[in-house]
$ cat coords_22.txt   # compact mmCIF, C-alpha atoms
# COMPACT_ATOMS: atom_id res chain seq x y z
CA MET A 1 -10.26 -65.94 -47.46
CA HIS A 2 -7.08 -64.41 -48.92
CA PRO A 3 -5.52 -62.44 -46.06
CA GLU A 4 -2.44 -61.27 -47.99
CA PHE A 5 -4.58 -59.83 -50.78
CA GLU A 6 -6.93 -58.22 -48.26
CA THR A 7 -3.99 -56.51 -46.55
CA TYR A 8 -2.75 -55.32 -49.94
CA LEU A 9 -6.16 -53.81 -50.80
CA GLN A 10 -6.39 -52.11 -47.39
CA GLN A 11 -3.05 -50.43 -48.08
CA GLN A 12 -4.40 -49.04 -51.38
CA GLY A 13 -6.83 -46.95 -49.33
CA GLY A 14 -10.42 -45.94 -49.95
CA LEU A 15 -12.05 -49.37 -49.73
CA PRO A 16 -14.29 -50.20 -46.75
CA PRO A 17 -13.63 -53.58 -45.03
CA GLU A 18 -16.89 -55.15 -46.26
CA ALA A 19 -16.00 -54.23 -49.86
CA ILE A 20 -12.55 -55.82 -49.47
CA GLN A 21 -14.21 -58.95 -48.09
CA ARG A 22 -16.64 -59.12 -51.00
CA ILE A 23 -13.84 -58.67 -53.58
CA SER A 24 -11.71 -61.31 -51.86
CA ASP A 25 -14.60 -63.79 -51.62
CA LEU A 26 -15.04 -63.86 -55.40
CA ALA A 27 -11.37 -64.70 -56.07
CA VAL A 28 -10.18 -68.19 -56.92
CA GLN A 29 -6.58 -68.99 -55.92
CA LYS A 30 -4.33 -70.97 -58.25
CA THR A 31 -0.86 -72.40 -57.71
CA LEU A 32 1.29 -72.34 -60.84
CA ARG A 33 4.53 -74.15 -61.57
CA ARG A 34 7.52 -72.49 -63.20
CA ASN A 35 6.89 -71.90 -66.93
CA GLU A 36 3.21 -72.77 -66.66
CA HIS A 37 0.86 -70.88 -69.01
CA ILE A 38 -2.30 -69.34 -67.62
CA LEU A 39 -3.37 -67.90 -71.00
CA ASN A 40 -2.31 -69.08 -74.45
CA ALA A 41 -2.38 -66.92 -77.58
CA GLY A 42 -5.63 -67.70 -79.41
CA GLU A 43 -7.61 -68.29 -76.21
CA ILE A 44 -10.07 -65.79 -74.76
CA CYS A 45 -8.84 -64.03 -71.61
CA ARG A 46 -11.72 -64.62 -69.18
CA HIS A 47 -10.07 -63.61 -65.91
CA LYS A 48 -8.41 -60.69 -64.15
CA ILE A 49 -5.27 -62.02 -62.48
CA PHE A 50 -3.58 -60.70 -59.33
CA VAL A 51 -0.09 -62.02 -58.55
CA LEU A 52 0.12 -63.01 -54.88
CA SER A 53 3.69 -64.26 -55.20
CA GLY A 54 6.13 -65.15 -57.95
CA MET A 55 6.37 -63.50 -61.36
CA LEU A 56 4.42 -63.77 -64.61
CA ARG A 57 5.28 -62.57 -68.10
CA THR A 58 3.12 -61.51 -71.05
CA PHE A 59 4.66 -62.49 -74.36
CA SER A 60 4.09 -63.02 -78.05
CA VAL A 61 5.85 -65.50 -80.29
CA SER A 62 6.99 -64.42 -83.78
CA ALA A 63 6.58 -66.54 -86.90
CA ASP A 64 10.28 -67.52 -86.50
CA GLY A 65 9.61 -68.86 -82.99
CA SER A 66 11.31 -66.05 -81.07
CA GLU A 67 9.57 -64.77 -77.94
CA HIS A 68 8.98 -61.06 -77.28
CA ILE A 69 8.13 -60.00 -73.76
CA LEU A 70 5.63 -57.19 -73.40
CA LEU A 71 5.50 -57.12 -69.63
CA PHE A 72 6.73 -58.72 -66.42
CA SER A 73 4.12 -58.93 -63.64
CA PRO A 74 5.74 -59.31 -60.21
CA GLN A 75 4.16 -59.86 -56.82
CA HIS A 76 1.20 -57.58 -56.08
CA SER A 77 0.53 -56.55 -59.66
CA TRP A 78 -2.46 -57.25 -61.90
CA THR A 79 -2.30 -58.79 -65.35
CA LEU A 80 -4.53 -59.79 -68.26
CA ASP A 81 -4.80 -59.17 -72.01
CA PRO A 82 -7.06 -56.10 -71.99
CA GLU A 83 -8.32 -56.33 -75.57
CA SER A 84 -9.16 -60.04 -75.28
CA TYR A 85 -10.75 -59.55 -71.86
CA ASP A 86 -12.80 -56.44 -72.69
CA GLN A 87 -14.11 -57.75 -75.99
CA GLN A 88 -13.95 -61.50 -75.28
CA ILE A 89 -11.98 -62.14 -78.45
CA PRO A 90 -8.95 -64.46 -78.89
CA SER A 91 -5.80 -63.10 -77.26
CA ARG A 92 -2.74 -62.34 -79.37
CA VAL A 93 -0.44 -62.81 -76.41
CA GLY A 94 0.21 -65.55 -73.88
CA ILE A 95 0.66 -65.16 -70.13
CA GLY A 96 2.86 -67.58 -68.20
CA THR A 97 5.00 -67.83 -65.11
CA VAL A 98 8.71 -67.09 -64.86
CA GLU A 99 8.94 -68.83 -61.47
CA PRO A 100 6.50 -70.78 -59.24
CA SER A 101 3.65 -68.38 -58.51
CA GLU A 102 0.42 -68.02 -56.58
CA VAL A 103 -2.32 -66.01 -58.31
CA LEU A 104 -5.88 -64.94 -57.63
CA CYS A 105 -8.37 -65.02 -60.52
CA TRP A 106 -11.72 -63.27 -60.94
CA HIS A 107 -14.03 -64.35 -63.74
CA LYS A 108 -15.02 -61.33 -65.90
CA SER A 109 -18.68 -61.59 -64.92
CA ASN A 110 -17.76 -61.47 -61.21
CA PHE A 111 -15.28 -58.63 -61.68
CA ASP A 112 -17.82 -56.60 -63.67
CA THR A 113 -20.33 -57.11 -60.83
CA LEU A 114 -17.77 -55.86 -58.28
CA LEU A 115 -16.97 -52.76 -60.37
CA ALA A 116 -20.67 -51.95 -60.69
CA GLU A 117 -21.41 -52.59 -57.00
CA ILE A 118 -18.43 -50.82 -55.44
CA PRO A 119 -17.69 -47.30 -56.78
CA GLN A 120 -14.43 -47.07 -54.78
CA PHE A 121 -13.23 -50.28 -56.46
CA ARG A 122 -14.05 -48.77 -59.82
CA GLY A 123 -11.92 -45.76 -58.79
CA TYR A 124 -9.06 -48.08 -57.82
CA ALA A 125 -9.34 -49.95 -61.15
CA ASP A 126 -9.31 -46.62 -63.05
CA ARG A 127 -6.11 -45.56 -61.27
CA LEU A 128 -4.48 -48.87 -62.21
CA ILE A 129 -5.47 -48.34 -65.85
CA SER A 130 -3.98 -44.82 -65.82
CA ARG A 131 -0.76 -46.11 -64.33
CA ASN A 132 -0.55 -48.74 -67.04
CA ILE A 133 -1.00 -46.10 -69.71
CA TYR A 134 1.89 -44.04 -68.29
CA LEU A 135 4.13 -47.12 -68.04
CA ASN A 136 3.31 -48.25 -71.58
CA ARG A 137 4.13 -44.83 -73.01
CA GLU A 138 7.40 -44.79 -71.14
CA ARG A 139 8.12 -48.31 -72.38
CA ILE A 140 7.54 -47.25 -76.00
CA LEU A 141 9.85 -44.25 -75.63
CA THR A 142 12.57 -46.31 -73.93
CA THR A 143 12.31 -49.02 -76.57
CA LEU A 144 12.52 -46.45 -79.37
CA SER A 145 15.21 -44.23 -78.02
CA GLY A 146 18.22 -45.47 -76.16
CA THR A 147 21.04 -47.63 -77.33
CA ALA A 148 21.14 -51.23 -76.06
CA VAL A 149 23.31 -50.07 -73.13
CA GLU A 150 20.83 -47.32 -72.21
CA LYS A 151 17.92 -49.76 -72.41
CA TYR A 152 19.69 -52.20 -70.11
CA ASP A 153 20.66 -49.44 -67.65
CA HIS A 154 17.06 -48.20 -67.60
CA PHE A 155 15.85 -51.74 -66.89
CA VAL A 156 18.32 -52.12 -64.02
CA ARG A 157 17.18 -48.79 -62.53
CA MET A 158 13.47 -49.57 -62.94
CA PHE A 159 13.60 -53.20 -61.79
CA PRO A 160 16.74 -53.70 -59.67
CA ASN A 161 15.35 -56.78 -57.97
CA TYR A 162 14.34 -58.54 -61.19
CA LEU A 163 17.89 -59.10 -62.38
CA SER A 164 18.70 -62.17 -60.34
CA ARG A 165 15.25 -63.71 -60.90
CA LEU A 166 15.01 -63.55 -64.68
CA PRO A 167 16.88 -65.65 -67.23
CA LEU A 168 19.06 -63.39 -69.40
CA ARG A 169 17.19 -64.46 -72.54
CA MET A 170 13.98 -63.06 -71.04
CA ILE A 171 15.59 -59.72 -70.21
CA ALA A 172 16.89 -59.60 -73.80
CA SER A 173 13.38 -60.42 -75.11
CA TYR A 174 11.93 -57.64 -72.98
CA LEU A 175 14.51 -55.09 -74.15
CA GLY A 176 14.27 -56.10 -77.80
CA ILE A 177 17.99 -56.78 -78.06
CA SER A 178 19.84 -60.02 -78.80
CA LEU A 179 21.06 -62.29 -76.03
CA LYS A 180 24.56 -61.85 -77.45
CA THR A 181 24.37 -58.06 -77.12
CA LEU A 182 23.01 -58.31 -73.58
CA THR A 183 25.77 -60.71 -72.54
CA ARG A 184 28.39 -58.35 -73.99
CA ILE A 185 26.92 -55.34 -72.12
CA ARG A 186 26.88 -57.20 -68.81
CA HIS A 187 30.37 -58.50 -69.31
CA ALA A 188 31.69 -54.96 -70.04
CA GLN A 189 29.94 -53.58 -66.93
CA LEU A 190 31.28 -56.33 -64.68
CA GLN A 191 34.81 -55.65 -65.92
CA ARG A 192 34.41 -51.96 -65.12
CA HIS A 193 33.29 -52.49 -61.50
CA MET B 1 -20.13 -23.70 -82.86
CA HIS B 2 -17.93 -26.46 -84.34
CA PRO B 3 -20.18 -28.25 -86.85
CA GLU B 4 -17.53 -30.71 -88.06
CA PHE B 5 -16.77 -31.85 -84.50
CA GLU B 6 -20.48 -32.10 -83.70
CA THR B 7 -21.04 -34.33 -86.74
CA TYR B 8 -18.08 -36.46 -85.64
CA LEU B 9 -19.52 -36.89 -82.12
CA GLN B 10 -22.98 -37.76 -83.53
CA GLN B 11 -21.35 -40.55 -85.53
CA GLN B 12 -19.81 -41.99 -82.37
CA GLY B 13 -23.34 -42.75 -81.15
CA GLY B 14 -24.89 -42.61 -77.71
CA LEU B 15 -24.70 -38.84 -77.14
CA PRO B 16 -27.93 -36.78 -77.10
CA PRO B 17 -27.86 -33.57 -79.23
CA GLU B 18 -27.90 -31.27 -76.18
CA ALA B 19 -24.85 -33.07 -74.73
CA ILE B 20 -22.99 -32.67 -78.03
CA GLN B 21 -23.87 -28.98 -78.03
CA ARG B 22 -22.62 -28.56 -74.47
CA ILE B 23 -19.32 -30.36 -75.23
CA SER B 24 -18.80 -28.33 -78.39
CA ASP B 25 -19.58 -25.02 -76.63
CA LEU B 26 -16.70 -25.51 -74.19
CA ALA B 27 -14.10 -26.08 -76.94
CA VAL B 28 -11.68 -23.39 -78.06
CA GLN B 29 -10.50 -23.66 -81.67
CA LYS B 30 -6.86 -23.00 -82.58
CA THR B 31 -5.16 -22.71 -85.94
CA LEU B 32 -1.61 -24.07 -85.94
CA ARG B 33 1.15 -23.60 -88.48
CA ARG B 34 3.35 -26.42 -89.72
CA ASN B 35 5.90 -27.44 -87.03
CA GLU B 36 4.18 -25.38 -84.33
CA HIS B 37 4.33 -26.77 -80.78
CA ILE B 38 1.16 -26.89 -78.72
CA LEU B 39 2.92 -28.51 -75.73
CA ASN B 40 6.63 -28.40 -74.85
CA ALA B 41 8.40 -30.95 -72.68
CA GLY B 42 8.57 -29.48 -69.17
CA GLU B 43 5.22 -27.69 -69.45
CA ILE B 44 2.03 -28.93 -67.83
CA CYS B 45 -0.51 -30.38 -70.24
CA ARG B 46 -3.68 -28.44 -69.36
CA HIS B 47 -5.89 -29.33 -72.34
CA LYS B 48 -7.48 -32.25 -74.14
CA ILE B 49 -6.88 -31.75 -77.84
CA PHE B 50 -9.06 -32.95 -80.72
CA VAL B 51 -7.56 -32.74 -84.22
CA LEU B 52 -10.12 -31.22 -86.61
CA SER B 53 -7.71 -31.30 -89.56
CA GLY B 54 -4.02 -31.79 -90.18
CA MET B 55 -1.68 -34.02 -88.17
CA LEU B 56 0.11 -33.73 -84.83
CA ARG B 57 2.95 -35.76 -83.39
CA THR B 58 3.94 -36.58 -79.80
CA PHE B 59 7.70 -36.78 -79.40
CA SER B 60 10.59 -36.78 -76.98
CA VAL B 61 14.09 -35.50 -77.59
CA SER B 62 17.11 -37.50 -76.39
CA ALA B 63 20.15 -35.99 -74.72
CA ASP B 64 21.92 -36.23 -78.11
CA GLY B 65 19.19 -34.13 -79.74
CA SER B 66 17.51 -36.93 -81.69
CA GLU B 67 13.72 -36.95 -81.79
CA HIS B 68 11.67 -40.07 -81.00
CA ILE B 69 8.05 -40.12 -82.08
CA LEU B 70 5.60 -41.83 -79.76
CA LEU B 71 2.46 -41.16 -81.73
CA PHE B 72 0.99 -39.48 -84.79
CA SER B 73 -2.43 -37.92 -84.25
CA PRO B 74 -4.30 -37.47 -87.54
CA GLN B 75 -7.65 -35.81 -88.25
CA HIS B 76 -10.42 -36.81 -85.84
CA SER B 77 -8.19 -38.20 -83.12
CA TRP B 78 -7.58 -36.98 -79.58
CA THR B 79 -4.21 -36.27 -78.08
CA LEU B 80 -2.55 -35.12 -74.84
CA ASP B 81 0.13 -36.28 -72.43
CA PRO B 82 -2.00 -38.38 -70.05
CA GLU B 83 0.39 -38.39 -67.08
CA SER B 84 0.98 -34.63 -67.23
CA TYR B 85 -2.73 -33.94 -67.77
CA ASP B 86 -4.07 -36.29 -65.08
CA GLN B 87 -1.58 -35.26 -62.42
CA GLN B 88 -0.84 -31.70 -63.61
CA ILE B 89 2.90 -32.35 -63.56
CA PRO B 90 5.48 -31.29 -66.19
CA SER B 91 5.23 -33.30 -69.40
CA ARG B 92 8.16 -35.38 -70.56
CA VAL B 93 7.02 -35.18 -74.17
CA GLY B 94 6.19 -32.41 -76.58
CA ILE B 95 3.24 -32.23 -78.97
CA GLY B 96 3.53 -30.34 -82.25
CA THR B 97 2.13 -30.26 -85.77
CA VAL B 98 3.48 -32.11 -88.79
CA GLU B 99 1.41 -29.97 -91.17
CA PRO B 100 -0.91 -26.94 -90.77
CA SER B 101 -3.68 -28.09 -88.42
CA GLU B 102 -6.93 -27.00 -86.81
CA VAL B 103 -7.51 -28.28 -83.27
CA LEU B 104 -10.14 -27.95 -80.56
CA CYS B 105 -8.93 -27.60 -76.95
CA TRP B 106 -10.80 -28.17 -73.70
CA HIS B 107 -9.28 -26.94 -70.45
CA LYS B 108 -9.02 -29.80 -67.92
CA SER B 109 -11.49 -28.15 -65.51
CA ASN B 110 -14.09 -27.89 -68.30
CA PHE B 111 -13.45 -31.41 -69.56
CA ASP B 112 -13.75 -32.82 -66.02
CA THR B 113 -17.09 -31.00 -65.65
CA LEU B 114 -18.34 -32.52 -68.91
CA LEU B 115 -17.30 -36.05 -67.85
CA ALA B 116 -19.09 -35.62 -64.51
CA GLU B 117 -22.24 -34.12 -66.07
CA ILE B 118 -22.66 -36.46 -69.05
CA PRO B 119 -22.39 -40.19 -68.28
CA GLN B 120 -22.51 -41.12 -71.98
CA PHE B 121 -19.51 -38.85 -72.60
CA ARG B 122 -17.66 -40.61 -69.81
CA GLY B 123 -18.48 -43.92 -71.57
CA TYR B 124 -17.14 -42.55 -74.84
CA ALA B 125 -13.95 -41.33 -73.10
CA ASP B 126 -13.50 -44.77 -71.48
CA ARG B 127 -13.78 -46.48 -74.87
CA LEU B 128 -11.12 -44.13 -76.25
CA ILE B 129 -8.82 -44.97 -73.33
CA SER B 130 -9.30 -48.72 -73.91
CA ARG B 131 -8.54 -48.33 -77.61
CA ASN B 132 -5.36 -46.46 -76.75
CA ILE B 133 -4.28 -49.25 -74.41
CA TYR B 134 -4.72 -51.85 -77.16
CA LEU B 135 -2.82 -49.69 -79.68
CA ASN B 136 0.02 -49.01 -77.24
CA ARG B 137 0.44 -52.72 -76.50
CA GLU B 138 0.49 -53.50 -80.20
CA ARG B 139 3.00 -50.70 -80.74
CA ILE B 140 5.32 -52.16 -78.05
CA LEU B 141 5.14 -55.64 -79.58
CA THR B 142 5.76 -54.33 -83.10
CA THR B 143 8.67 -52.20 -81.93
CA LEU B 144 10.18 -55.16 -80.08
CA SER B 145 9.64 -57.88 -82.61
CA GLY B 146 10.01 -57.38 -86.32
CA THR B 147 13.05 -56.50 -88.35
CA ALA B 148 13.27 -52.97 -89.77
CA VAL B 149 11.55 -54.22 -92.95
CA GLU B 150 8.70 -55.80 -90.97
CA LYS B 151 8.27 -52.60 -88.94
CA TYR B 152 8.07 -50.51 -92.09
CA ASP B 153 5.61 -52.94 -93.76
CA HIS B 154 3.44 -52.88 -90.63
CA PHE B 155 3.45 -49.08 -90.67
CA VAL B 156 2.43 -49.01 -94.35
CA ARG B 157 -0.42 -51.44 -93.67
CA MET B 158 -1.63 -49.58 -90.57
CA PHE B 159 -1.29 -46.04 -91.94
CA PRO B 160 -1.33 -46.25 -95.76
CA ASN B 161 -2.35 -42.60 -96.15
CA TYR B 162 0.36 -41.23 -93.83
CA LEU B 163 3.22 -42.11 -96.16
CA SER B 164 2.97 -39.16 -98.50
CA ARG B 165 2.28 -36.71 -95.66
CA LEU B 166 5.18 -37.46 -93.33
CA PRO B 167 8.86 -36.61 -93.82
CA LEU B 168 10.90 -39.81 -93.99
CA ARG B 169 12.91 -38.79 -90.93
CA MET B 170 9.68 -38.74 -88.88
CA ILE B 171 8.67 -42.20 -90.07
CA ALA B 172 12.16 -43.41 -89.10
CA SER B 173 11.80 -41.74 -85.65
CA TYR B 174 8.44 -43.44 -85.16
CA LEU B 175 9.80 -46.86 -86.16
CA GLY B 176 12.98 -46.52 -84.11
CA ILE B 177 15.22 -47.16 -87.12
CA SER B 178 17.78 -44.89 -88.76
CA LEU B 179 16.87 -42.71 -91.73
CA LYS B 180 19.56 -44.54 -93.70
CA THR B 181 17.95 -47.92 -93.03
CA LEU B 182 14.49 -46.60 -93.94
CA THR B 183 15.78 -45.10 -97.19
CA ARG B 184 17.44 -48.42 -98.10
CA ILE B 185 14.21 -50.37 -97.41
CA ARG B 186 12.12 -48.01 -99.53
CA HIS B 187 14.63 -48.08 -102.34
CA ALA B 188 14.68 -51.91 -102.35
CA GLN B 189 10.87 -52.04 -102.42
CA LEU B 190 10.60 -49.52 -105.25
CA GLN B 191 13.05 -51.58 -107.31
CA ARG B 192 10.97 -54.69 -106.77
CA HIS B 193 7.68 -53.17 -107.96
$ encode --input "coords_22.txt" --output "structure tokens"
Amino acid sequence: MHPEFETYLQQQGGLPPEAIQRISDLAVQKTLRRNEHILNAGEICRHKIFVLSGMLRTFSVSADGSEHILLFSPQHSWTLDPESYDQQIPSRVGIGTVEPSEVLCWHKSNFDTLLAEIPQFRGYADRLISRNIYLNRERILTTLSGTAVEKYDHFVRMFPNYLSRLPLRMIASYLGISLKTLTRIRHAQLQRH
Amino acid sequence: MHPEFETYLQQQGGLPPEAIQRISDLAVQKTLRRNEHILNAGEICRHKIFVLSGMLRTFSVSADGSEHILLFSPQHSWTLDPESYDQQIPSRVGIGTVEPSEVLCWHKSNFDTLLAEIPQFRGYADRLISRNIYLNRERILTTLSGTAVEKYDHFVRMFPNYLSRLPLRMIASYLGISLKTLTRIRHAQLQRH
């Protein structure tokens, strides 16, 4: 049904072909335009989302209208609002695309069935959760520590191929620095090279 | 063996008395002085830690010597470096006390045995992990968004009883603002009241 996703799951290891087929069969594919929202703040997150292609972002909007980006979700990553999804309560964040994207969605009831039916899939999901915990802790430390230059350099090292795909204002929102500061940093670095 | 911890676990619900006894029996109690380290950056985190009393902090130290605080762990919370513990690799953070503390420690091999033996304990551990994910996401958004004043107000709302127990420099390290800025905010608020 979704050959690219099935290949991806095979590469993760540990899942028998019939399990991969079953997981793939319960997915619904969606095509999203640039800047389309798949979850709005205040809605309940009812789906697990896998990014087949493109890039999504998870963001919150302050009272003053400014957007803060929690996370970019590139090709072959999973995304959702965990608190809203687990507890079926309104989400405090929105999820939308940065560029035209293809995603696969599993309704929570279907995903819960898969996790209960397929122990190896549960193991895979647990490893993803662990990885997210490590990344979030690193993100907190990077956000707290470094100067604006260090934060930008860290971003470039971590996500070298994001730079040309993301508007500068989104990188600034992700780093928690102003667009003006980011522009100044980039200008200084270009002059140096 | 550890009556206060056993009462705490009873209150979490879902664990039969013999399971609580078994969990408690495998814990080793330690008494820590103020500012004592229980894990240093570079060491492998081999234990799950439960705070019986006192307060711990998880921190990293920048190249310039400044300390950044990822997390405060008060009475009746769990702490560890998850990446170091899960993968038995050197930790990038340290864990130490803010005030004299009593902790319980479980060696990873014992804790893994308990999780495998007691499904309800695994459920409890999973709920703790989920809660940590929600808190970490909120922490990232708060660190990214707000002004210094908003960050401080959020901290006061979230942790009203931490204020008198933590040195100001640690609150500043946790918020990612300078001690000077924090002192100015507090002074302005005291004048207003």
$ residues_around --input "coords_22.txt" --residues "B:Thr181" --least-positions-apart "4" --cutoff "8 Å" --atoms "all atoms listed in the file" --output "JSON, numbers by chain"
{"B": [148, 177, 185]}
$ interface_residues --input "coords_22.txt" --of "chain A" --to "chain B" --cutoff "8 Å" --atoms "all atoms listed in the file" --output "list in words"
Ser60, Ser62, His68, Ile69, Leu70, Pro82, Glu83, Ser130, Ile133, Tyr134, Asn136, Arg137, Arg139, Ile140, Leu141, Thr143, Leu144, Ser145, Ser173, Tyr174, Leu175 and Gly176 of chain A
$ atom_distance --input "coords_22.txt" --atom1 "atom CA of B:Asp64" --atom2 "atom CA of A:Met170"
28.9 Å
$ residues_around --input "coords_22.txt" --residues "stretch 4-9 of chain A" --least-positions-apart "6" --cutoff "12 Å" --atoms "all atoms listed in the file" --output "ChimeraX atom specification"
/A:15-25,27-29,49-53,75-78,102-105,120-121,124-125
$ atom_distance --input "coords_22.txt" --atom1 "atom CA of A:Asn35" --atom2 "atom CA of A:Met55"
10.1 Å
$ closest_residue --input "coords_22.txt" --among "A:Leu114, A:Leu168, A:Met158, A:Val149" --to "A:Ala188" --atoms "only C-alpha atoms"
A:Val149
$ atom_distance --input "coords_22.txt" --atom1 "atom CA of A:Ser109" --atom2 "atom CA of A:Arg57"
24.2 Å
$ closest_residue --input "coords_22.txt" --among "A:Glu99, A:Asp153, A:Glu43, A:Glu36" --to "A:Phe72" --atoms "all atoms listed in the file"
A:Glu99
$ build_atoms --input "coords_22.txt" --residues "stretch 110-128 of chain A" --atoms "N, CA, C and O atoms" --output "short mmCIF file (atom, residue, chain, number, x, y, z; two decimals), in the coordinates of the input"
data_model
loop_
_atom_site.label_atom_id
_atom_site.label_comp_id
_atom_site.auth_asym_id
_atom_site.auth_seq_id
_atom_site.Cartn_x
_atom_site.Cartn_y
_atom_site.Cartn_z
N ASN A 110 -17.86 -61.85 -62.63
CA ASN A 110 -17.76 -61.47 -61.21
C ASN A 110 -17.08 -60.12 -61.05
O ASN A 110 -17.50 -59.29 -60.23
N PHE A 111 -16.01 -59.90 -61.82
CA PHE A 111 -15.28 -58.63 -61.68
C PHE A 111 -16.15 -57.46 -62.12
O PHE A 111 -16.16 -56.41 -61.48
N ASP A 112 -16.91 -57.66 -63.20
CA ASP A 112 -17.82 -56.60 -63.67
C ASP A 112 -18.86 -56.28 -62.59
O ASP A 112 -19.20 -55.11 -62.38
N THR A 113 -19.36 -57.33 -61.92
CA THR A 113 -20.33 -57.11 -60.83
C THR A 113 -19.70 -56.27 -59.73
O THR A 113 -20.30 -55.31 -59.24
N LEU A 114 -18.46 -56.61 -59.33
CA LEU A 114 -17.77 -55.86 -58.28
C LEU A 114 -17.59 -54.39 -58.66
O LEU A 114 -17.82 -53.50 -57.85
N LEU A 115 -17.19 -54.15 -59.91
CA LEU A 115 -16.97 -52.76 -60.37
C LEU A 115 -18.28 -51.97 -60.34
O LEU A 115 -18.29 -50.78 -60.00
N ALA A 116 -19.37 -52.64 -60.67
CA ALA A 116 -20.67 -51.95 -60.69
C ALA A 116 -21.18 -51.71 -59.27
O ALA A 116 -21.80 -50.69 -58.98
N GLU A 117 -20.89 -52.67 -58.37
CA GLU A 117 -21.41 -52.59 -57.00
C GLU A 117 -20.62 -51.62 -56.13
O GLU A 117 -21.17 -51.02 -55.20
N ILE A 118 -19.31 -51.53 -56.38
CA ILE A 118 -18.43 -50.82 -55.44
C ILE A 118 -17.73 -49.67 -56.16
O ILE A 118 -16.69 -49.86 -56.81
N PRO A 119 -18.27 -48.45 -56.06
CA PRO A 119 -17.69 -47.30 -56.78
C PRO A 119 -16.22 -47.07 -56.43
O PRO A 119 -15.42 -46.71 -57.30
N GLN A 120 -15.84 -47.30 -55.15
CA GLN A 120 -14.43 -47.07 -54.78
C GLN A 120 -13.51 -48.08 -55.48
O GLN A 120 -12.34 -47.79 -55.72
N PHE A 121 -14.04 -49.28 -55.76
CA PHE A 121 -13.23 -50.28 -56.46
C PHE A 121 -13.07 -49.87 -57.93
O PHE A 121 -12.00 -50.05 -58.51
N ARG A 122 -14.12 -49.30 -58.47
CA ARG A 122 -14.05 -48.77 -59.82
C ARG A 122 -12.97 -47.67 -59.89
O ARG A 122 -12.17 -47.61 -60.81
N GLY A 123 -12.94 -46.81 -58.86
CA GLY A 123 -11.92 -45.76 -58.79
C GLY A 123 -10.52 -46.35 -58.74
O GLY A 123 -9.61 -45.89 -59.44
N TYR A 124 -10.35 -47.40 -57.92
CA TYR A 124 -9.06 -48.08 -57.82
C TYR A 124 -8.66 -48.67 -59.18
O TYR A 124 -7.52 -48.51 -59.63
N ALA A 125 -9.62 -49.33 -59.84
CA ALA A 125 -9.34 -49.95 -61.15
C ALA A 125 -8.96 -48.87 -62.17
O ALA A 125 -8.03 -49.06 -62.97
N ASP A 126 -9.64 -47.72 -62.13
CA ASP A 126 -9.31 -46.62 -63.05
C ASP A 126 -7.88 -46.11 -62.82
O ASP A 126 -7.17 -45.80 -63.78
N ARG A 127 -7.48 -46.03 -61.55
CA ARG A 127 -6.11 -45.56 -61.27
C ARG A 127 -5.07 -46.55 -61.80
O ARG A 127 -4.03 -46.17 -62.32
N LEU A 128 -5.39 -47.85 -61.67
CA LEU A 128 -4.48 -48.87 -62.21
C LEU A 128 -4.34 -48.72 -63.73
O LEU A 128 -3.25 -48.84 -64.27
#
